[in-house]
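> Dropping the structure in here first, questions after.
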Amino acid sequence: MTSQTSPMDAMILERPEERKERADKVDFKMVTFSLGGKEYGIDIMNVKEIARANRFTYVPNSAPFVRGVYNLRGDIISIIDLRIMFHLPVEKREEDALESLLILRVEDHVFGVIVDSIDKVVGVSRTSIQPPHPIFGDINVKYIQGIVENAGKLYIILDIAKIFSPKAEKEEHPSRYEPPSGASIPTEISAARTGTARPAAADAEMTAGFVKEGLFSFRHFAVTSVNETWFRARYKEWERLRAGTDLQLHEEADADAFLEGFLSPYSGTLWGADYMDAVASFLPDSDLRSFNVWNPGCGKGYETWSLACTLRRKYPQSRVKIWANDSDLLAISMAPNMVFDASAVPEPYRAFLVKGMNGWTFDQAVRDSIFFEFHDVLNSNSLPPVDLIVCRDMISFLAPEEQKRVLADFQDKLKGTGLLILGTHETAATGAWRPVGSGAVSAFAKA
C-alpha cells in the first residue's frame, strides 16, 4: 500500500533552507482577503483596483449571489457576493455599511466581488504554491488554483478565470457567471489575457490603495482630494523609508508612523508667534465692528485660545465672537477652564493673562469672546454667517462623503468675503473655492 504526501505534509517536511531559497524569488503577487474566516488570494493580474461601496442597484431575476450593478466612474459593472456564491456565512451589517470590493477583470469583462475584508498584496515564489486540496477550503477544489504559506498564514488562491470566465463550461454551482443585461462592459485587453506583464506602476498603485485602506481602518483618515497631494508625497517618502520591507499598514502604530508630519504646526498646543502672525496676515486690515468665527473640531481648546488672542491683537476695538465646537465631550468640557504656566506661554499671549487661584488664565475679554459647545460638525447648527472658519486637520478624518458635506456647509455659513483656514496639508481648491494662502497657512476664499 502506497502513502501519499498531502500539500500540508510537503510544507511541513520541506527543509527550512529550501523554503528560504524559494521565498527569495518573488515571481507571483496576489491580493489577499478574508472570506468566511479563512484567508484567500487572487492573482494580482486579475485585480483592477480595490474599492468600498454600497447601495448597489438591484437586478430583477438575477442569481442570489448577484448583489446588483454599480456605477464605477461611468462604467456599469456587476457586483458578486462571493460569500453567497460559495454558501459561506455572511456577517450581518448595517444597511448603509460599506462593502469591501475587489474590482476584477476576466478577459474583456470588469466586475466587482464582495469579500469580508481586504488585507494586502503578498509576493511569493510560484514554486512555493502547492496543488489544491479539499481540506483547505469550503470552496470546490476545482475553483482553487493552489495554496501557499506566507508569514505564518495559509492562503487559498482562487482560480478566477475558472469561476467567472464567460468561455468556461457550465458546471454545478457555482456556475459560469453571466453578467446581467447592460452590465457586460468591455474593457481593455487585460494583462492576464495577453500574457503581458503587469506594469510596476500598477502594483505600486495597488499597494498605495491598501495603505489608504489601512489609514482609514486604523485612524479614520480618508485620502481624498482634500489631502491627496500630501498623501502622494508622503507615500514616495514611505517607499524610501521602508525600502526592502513591507509598505503596508498592519496596526495603529504603522498608521501613526505614516501620518507623522501631517498635522499642522502647533497642533495640540498654543500657536507660536510666527503662526499667529501668519494667520493675521490673511485677515482684513480694517478694524471691523464685529468679527464672527466658527472653529469646529477645536479639541481641548488650544487652537481656540490661540485664535482669540490672534484676533484681539488684530482687532482690539472689534467685538469678536468665536463658536468653538467639538464632538469630544470631555475635551470640550475642560476647554473653558484651562490654566497655564505663564513662563511656558509664548510672549504674545502674556498681555491677555491674569493670575487666578489655580494659575494663569486668559482675561475676561478673551474669555467672553469664546463660546465652547459640544457639537458634531456633521449635524446642522444655527450659526449666523461668519467671517472666518478655522478647521485645521479635522476634515481629513471624516469619510469622503462627510468631507463633501462639511465643505458644502462651510460654503453656506461663510460670508462672501469670508475666509476658510484648513490644515497645512489640506486643500479645498475645487470649483467652489480658490486658494489665497500658502506655506504653513492653507487659506481659501469662495470662488
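Every chain in the C-alpha cells has a letter given in the order shown (A, B, ...), and although residue numbers restart at 1 in each chain, ligands are simply numbered from 1 in the order shown.
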Env of segment 410-422 of chain A: 7 Å cut, atoms = only C-alpha atoms, seq-sep filter 3 positions within chain, self excluded. Answer as a PyMOL selection string.
chain A and resi 385-393+406-407+426-427+442-446
> Skip Glu91 of chain A itself and residues of its chain fewer than 5 positions away, then list as a list in words all residues within 10 Å of it, counting only C-alpha atoms.
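Listed by chain and then number, they are Gly36, Arg83 and Asp116 of chain A.
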> Store the residues picked out above, limited to C-alpha atoms, as a PDB file, in the first residue's frame.

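Result written to result18.pdb:
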```pdb
ATOM      1  CA  GLY A  36     -15.803  33.105   5.848  1.00  0.00           C
ATOM      2  CA  ARG A  83     -19.819  34.657   0.322  1.00  0.00           C
ATOM      3  CA  ASP A 116     -15.329  40.181   4.192  1.00  0.00           C
TER       4      ASP A 116
END
```
> I'd like the neighbourhood of Glu239 of chain A as a VMD selection string, where a residue qualifies if any of its atoms comes within 12 Å (using only C-alpha atoms), though same-chain residues fewer than 4 positions away should be ignored.
chain A and resid 204 207 to 208 211 232 to 235 243 to 248 258
> Could those residues be written to a file, using C-alpha atoms, as a short mmCIF file (atom, residue, chain, number, x, y, z; two decimals), in the first residue's frame?

```cif
data_model
loop_
_atom_site.label_atom_id
_atom_site.label_comp_id
_atom_site.auth_asym_id
_atom_site.auth_seq_id
_atom_site.Cartn_x
_atom_site.Cartn_y
_atom_site.Cartn_z
CA ALA A 204 2.53 50.37 -6.75
CA THR A 207 -0.20 48.87 -2.69
CA ALA A 208 -0.93 52.58 -2.27
CA VAL A 211 -2.17 51.95 2.52
CA ARG A 232 1.31 61.11 -2.76
CA ALA A 233 4.38 62.91 -1.47
CA ARG A 234 4.31 61.01 1.80
CA TYR A 235 3.86 57.67 0.03
CA ALA A 243 12.80 50.14 1.10
CA GLY A 244 13.00 46.35 1.01
CA THR A 245 10.29 45.91 3.66
CA ASP A 246 6.52 45.71 3.77
CA LEU A 247 4.94 49.07 2.88
CA GLN A 248 1.51 48.22 4.17
CA PHE A 258 2.69 57.15 8.08
#
```
> What's the separation between atom CA of Met206 of chain A and atom CA of Arg52 of chain A, in Å to one decimal place?
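Rounded to one decimal, the two atoms are 14.0 Å apart.
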> Leaving out Lys314 of chain A and any residue of its chain fewer than 4 positions from it, which residues lie within 12 Å of it when counting only C-alpha atoms, given as an MDAnalysis selection string?
chainID A and resid 276:288 291 307:310 318:320 348
> Taking C-alpha atoms for each residue, export the selection above as a short mmCIF file (atom, residue, chain, number, x, y, z; two decimals), in the first residue's frame.

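That gives us selection.cif:
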```
data_model
loop_
_atom_site.label_atom_id
_atom_site.label_comp_id
_atom_site.auth_asym_id
_atom_site.auth_seq_id
_atom_site.Cartn_x
_atom_site.Cartn_y
_atom_site.Cartn_z
CA MET A 276 -0.23 83.88 14.85
CA ASP A 277 1.33 86.50 12.55
CA ALA A 278 0.88 84.28 9.50
CA VAL A 279 -2.86 83.84 10.19
CA ALA A 280 -3.30 87.56 10.92
CA SER A 281 -1.66 88.45 7.61
CA PHE A 282 -4.58 86.92 5.67
CA LEU A 283 -7.25 88.85 7.59
CA PRO A 284 -8.63 92.25 6.51
CA ASP A 285 -6.58 95.17 7.83
CA SER A 286 -9.51 97.47 8.59
CA ASP A 287 -10.80 97.41 12.17
CA LEU A 288 -14.19 95.74 11.86
CA PHE A 291 -15.93 89.61 13.62
CA LEU A 307 -7.27 82.23 17.65
CA ALA A 308 -8.95 84.51 20.21
CA CYS A 309 -5.65 86.16 21.16
CA THR A 310 -4.65 86.50 17.50
CA SER A 318 -13.86 94.90 17.45
CA ARG A 319 -16.49 92.65 19.00
CA VAL A 320 -15.04 89.18 18.37
CA PRO A 348 2.28 87.42 22.53
#
```
> With distances taken over only C-alpha atoms, which residue among A:Arg312, A:Leu270, A:Met394, A:Val148 lies nearest Ala344 of chain A?
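For Ala344 of chain A, the nearest of the candidates is A:Leu270.
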> When you count only C-alpha atoms, which of these residues is closest to Ile139 of chain A: A:Ala63, A:Val122, A:Ile84, A:Val26?
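Comparing A:Ala63, A:Val122, A:Ile84, A:Val26 against Ile139 of chain A, the winner is A:Ile84.
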> Just the residues within 6 Å of segment 94-107 of chain A, please, counting only C-alpha atoms, with nothing from its chain fewer than 2 positions along; format it as a VMD selection string.
chain A and resid 46 to 54 109 to 115 117 193
> Could you save those same residues with N, CA and C atoms as a compact mmCIF listing (two decimals), in the first residue's frame?

```
# COMPACT_ATOMS: atom_id res chain seq x y z
N ASN A 46 -5.38 39.80 -12.18
CA ASN A 46 -6.83 39.86 -12.39
C ASN A 46 -7.49 40.99 -11.62
N VAL A 47 -6.71 41.70 -10.80
CA VAL A 47 -7.28 42.74 -9.94
C VAL A 47 -7.05 44.11 -10.57
N LYS A 48 -8.12 44.79 -10.86
CA LYS A 48 -8.03 46.13 -11.45
C LYS A 48 -7.82 47.19 -10.38
N GLU A 49 -8.57 47.09 -9.29
CA GLU A 49 -8.44 48.03 -8.18
C GLU A 49 -9.22 47.51 -7.00
N ILE A 50 -9.12 48.19 -5.87
CA ILE A 50 -9.93 47.88 -4.69
C ILE A 50 -10.84 49.06 -4.43
N ALA A 51 -11.95 48.81 -3.76
CA ALA A 51 -12.90 49.89 -3.52
C ALA A 51 -13.76 49.54 -2.32
N ARG A 52 -14.49 50.53 -1.85
CA ARG A 52 -15.51 50.33 -0.82
C ARG A 52 -16.78 51.03 -1.30
N ALA A 53 -17.89 50.32 -1.27
CA ALA A 53 -19.13 50.90 -1.80
C ALA A 53 -20.33 50.19 -1.19
N ASN A 54 -21.49 50.77 -1.44
CA ASN A 54 -22.76 50.15 -1.04
C ASN A 54 -23.85 50.67 -1.97
N HIS A 109 -14.17 41.47 -19.48
CA HIS A 109 -15.21 41.90 -18.56
C HIS A 109 -14.61 42.42 -17.26
N VAL A 110 -15.24 43.45 -16.72
CA VAL A 110 -14.87 44.02 -15.43
C VAL A 110 -16.06 43.89 -14.51
N PHE A 111 -15.84 43.42 -13.29
CA PHE A 111 -16.92 43.29 -12.32
C PHE A 111 -16.33 43.36 -10.92
N GLY A 112 -17.20 43.53 -9.94
CA GLY A 112 -16.73 43.60 -8.56
C GLY A 112 -17.18 42.40 -7.76
N VAL A 113 -16.33 41.97 -6.82
CA VAL A 113 -16.71 40.89 -5.92
C VAL A 113 -16.61 41.40 -4.49
N ILE A 114 -17.59 41.04 -3.68
CA ILE A 114 -17.64 41.44 -2.27
C ILE A 114 -16.96 40.37 -1.43
N VAL A 115 -16.08 40.79 -0.53
CA VAL A 115 -15.42 39.89 0.40
C VAL A 115 -15.58 40.46 1.81
N SER A 117 -13.14 41.21 4.11
CA SER A 117 -12.17 42.29 4.29
C SER A 117 -10.98 42.05 3.38
N ARG A 193 -4.99 38.19 -20.02
CA ARG A 193 -5.40 37.54 -21.26
C ARG A 193 -4.27 37.53 -22.28
```
> Show which residues sit within 12 Å of Phe218 of chain A, as a PyMOL selection string. Count only C-alpha atoms, and ignore same-chain residues fewer than 2 positions away.
chain A and resi 211-216+220-222+249-259+397
> Atoms to include: N, CA and C atoms. Write the selected residues as a PDB file, in the first residue's frame.

```pdb
ATOM      1  N   VAL A 211      -2.608  50.998   1.493  1.00  0.00           N
ATOM      2  CA  VAL A 211      -2.175  51.945   2.524  1.00  0.00           C
ATOM      3  C   VAL A 211      -3.324  52.896   2.860  1.00  0.00           C
ATOM      4  N   LYS A 212      -4.031  53.358   1.841  1.00  0.00           N
ATOM      5  CA  LYS A 212      -5.198  54.220   2.077  1.00  0.00           C
ATOM      6  C   LYS A 212      -6.231  53.497   2.932  1.00  0.00           C
ATOM      7  N   GLU A 213      -6.474  52.224   2.594  1.00  0.00           N
ATOM      8  CA  GLU A 213      -7.436  51.443   3.364  1.00  0.00           C
ATOM      9  C   GLU A 213      -6.990  51.327   4.819  1.00  0.00           C
ATOM     10  N   GLY A 214      -5.686  51.113   5.021  1.00  0.00           N
ATOM     11  CA  GLY A 214      -5.152  50.997   6.376  1.00  0.00           C
ATOM     12  C   GLY A 214      -5.300  52.283   7.165  1.00  0.00           C
ATOM     13  N   LEU A 215      -5.051  53.410   6.518  1.00  0.00           N
ATOM     14  CA  LEU A 215      -5.195  54.702   7.198  1.00  0.00           C
ATOM     15  C   LEU A 215      -6.631  54.916   7.663  1.00  0.00           C
ATOM     16  N   PHE A 216      -7.580  54.524   6.817  1.00  0.00           N
ATOM     17  CA  PHE A 216      -8.989  54.721   7.188  1.00  0.00           C
ATOM     18  C   PHE A 216      -9.406  53.723   8.264  1.00  0.00           C
ATOM     19  N   HIS A 220      -9.161  56.330  10.729  1.00  0.00           N
ATOM     20  CA  HIS A 220     -10.289  57.007  10.076  1.00  0.00           C
ATOM     21  C   HIS A 220      -9.803  58.198   9.247  1.00  0.00           C
ATOM     22  N   PHE A 221      -8.630  58.066   8.672  1.00  0.00           N
ATOM     23  CA  PHE A 221      -8.067  59.097   7.805  1.00  0.00           C
ATOM     24  C   PHE A 221      -8.412  58.735   6.365  1.00  0.00           C
ATOM     25  N   ALA A 222      -9.236  59.562   5.717  1.00  0.00           N
ATOM     26  CA  ALA A 222      -9.704  59.260   4.358  1.00  0.00           C
ATOM     27  C   ALA A 222      -8.922  60.081   3.344  1.00  0.00           C
ATOM     28  N   LEU A 249       0.190  48.854   6.095  1.00  0.00           N
ATOM     29  CA  LEU A 249      -0.084  49.206   7.480  1.00  0.00           C
ATOM     30  C   LEU A 249      -0.825  48.057   8.152  1.00  0.00           C
ATOM     31  N   HIS A 250      -0.229  47.510   9.205  1.00  0.00           N
ATOM     32  CA  HIS A 250      -0.813  46.340   9.856  1.00  0.00           C
ATOM     33  C   HIS A 250      -1.404  46.636  11.224  1.00  0.00           C
ATOM     34  N   GLU A 251      -1.108  47.809  11.773  1.00  0.00           N
ATOM     35  CA  GLU A 251      -1.625  48.171  13.090  1.00  0.00           C
ATOM     36  C   GLU A 251      -1.643  49.683  13.231  1.00  0.00           C
ATOM     37  N   GLU A 252      -2.207  50.153  14.331  1.00  0.00           N
ATOM     38  CA  GLU A 252      -2.343  51.592  14.542  1.00  0.00           C
ATOM     39  C   GLU A 252      -0.995  52.296  14.538  1.00  0.00           C
ATOM     40  N   ALA A 253       0.026  51.638  15.075  1.00  0.00           N
ATOM     41  CA  ALA A 253       1.356  52.254  15.120  1.00  0.00           C
ATOM     42  C   ALA A 253       1.871  52.531  13.704  1.00  0.00           C
ATOM     43  N   ASP A 254       1.587  51.639  12.761  1.00  0.00           N
ATOM     44  CA  ASP A 254       2.008  51.861  11.364  1.00  0.00           C
ATOM     45  C   ASP A 254       1.287  53.070  10.782  1.00  0.00           C
ATOM     46  N   ALA A 255      -0.011  53.176  11.058  1.00  0.00           N
ATOM     47  CA  ALA A 255      -0.779  54.320  10.551  1.00  0.00           C
ATOM     48  C   ALA A 255      -0.262  55.622  11.147  1.00  0.00           C
ATOM     49  N   ASP A 256       0.054  55.595  12.436  1.00  0.00           N
ATOM     50  CA  ASP A 256       0.585  56.794  13.085  1.00  0.00           C
ATOM     51  C   ASP A 256       1.928  57.191  12.480  1.00  0.00           C
ATOM     52  N   ALA A 257       2.749  56.184  12.170  1.00  0.00           N
ATOM     53  CA  ALA A 257       4.048  56.476  11.569  1.00  0.00           C
ATOM     54  C   ALA A 257       3.876  57.099  10.187  1.00  0.00           C
ATOM     55  N   PHE A 258       2.925  56.583   9.420  1.00  0.00           N
ATOM     56  CA  PHE A 258       2.693  57.145   8.080  1.00  0.00           C
ATOM     57  C   PHE A 258       2.186  58.579   8.189  1.00  0.00           C
ATOM     58  N   LEU A 259       1.330  58.856   9.161  1.00  0.00           N
ATOM     59  CA  LEU A 259       0.727  60.188   9.300  1.00  0.00           C
ATOM     60  C   LEU A 259       1.655  61.190   9.986  1.00  0.00           C
ATOM     61  N   PHE A 397     -10.142  63.455   8.640  1.00  0.00           N
ATOM     62  CA  PHE A 397     -10.514  62.317   9.467  1.00  0.00           C
ATOM     63  C   PHE A 397     -12.021  62.053   9.416  1.00  0.00           C
TER      64      PHE A 397
END
```
> Measuring between only C-alpha atoms, which one of A:Ala408, A:Ile147, A:Val339, A:Ile322 shows the shortest distance to Glu303 of chain A?
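The answer is A:Ile322, which sits nearest to Glu303 of chain A.
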> Find the residue from A:Lys300, A:Leu311, A:Ala440, A:Thr57 that sits nearest to Asp274 of chain A; use only C-alpha atoms when measuring.
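Of A:Lys300, A:Leu311, A:Ala440, A:Thr57, the one nearest Asp274 of chain A is A:Ala440, counting only C-alpha atoms.
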> Between A:Asp119, A:Glu402, A:Asp75, A:Asp368, which has the minimum distance to Ser217 of chain A (counting only C-alpha atoms)?
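Nearest candidate to Ser217 of chain A out of A:Asp119, A:Glu402, A:Asp75, A:Asp368: A:Asp119.
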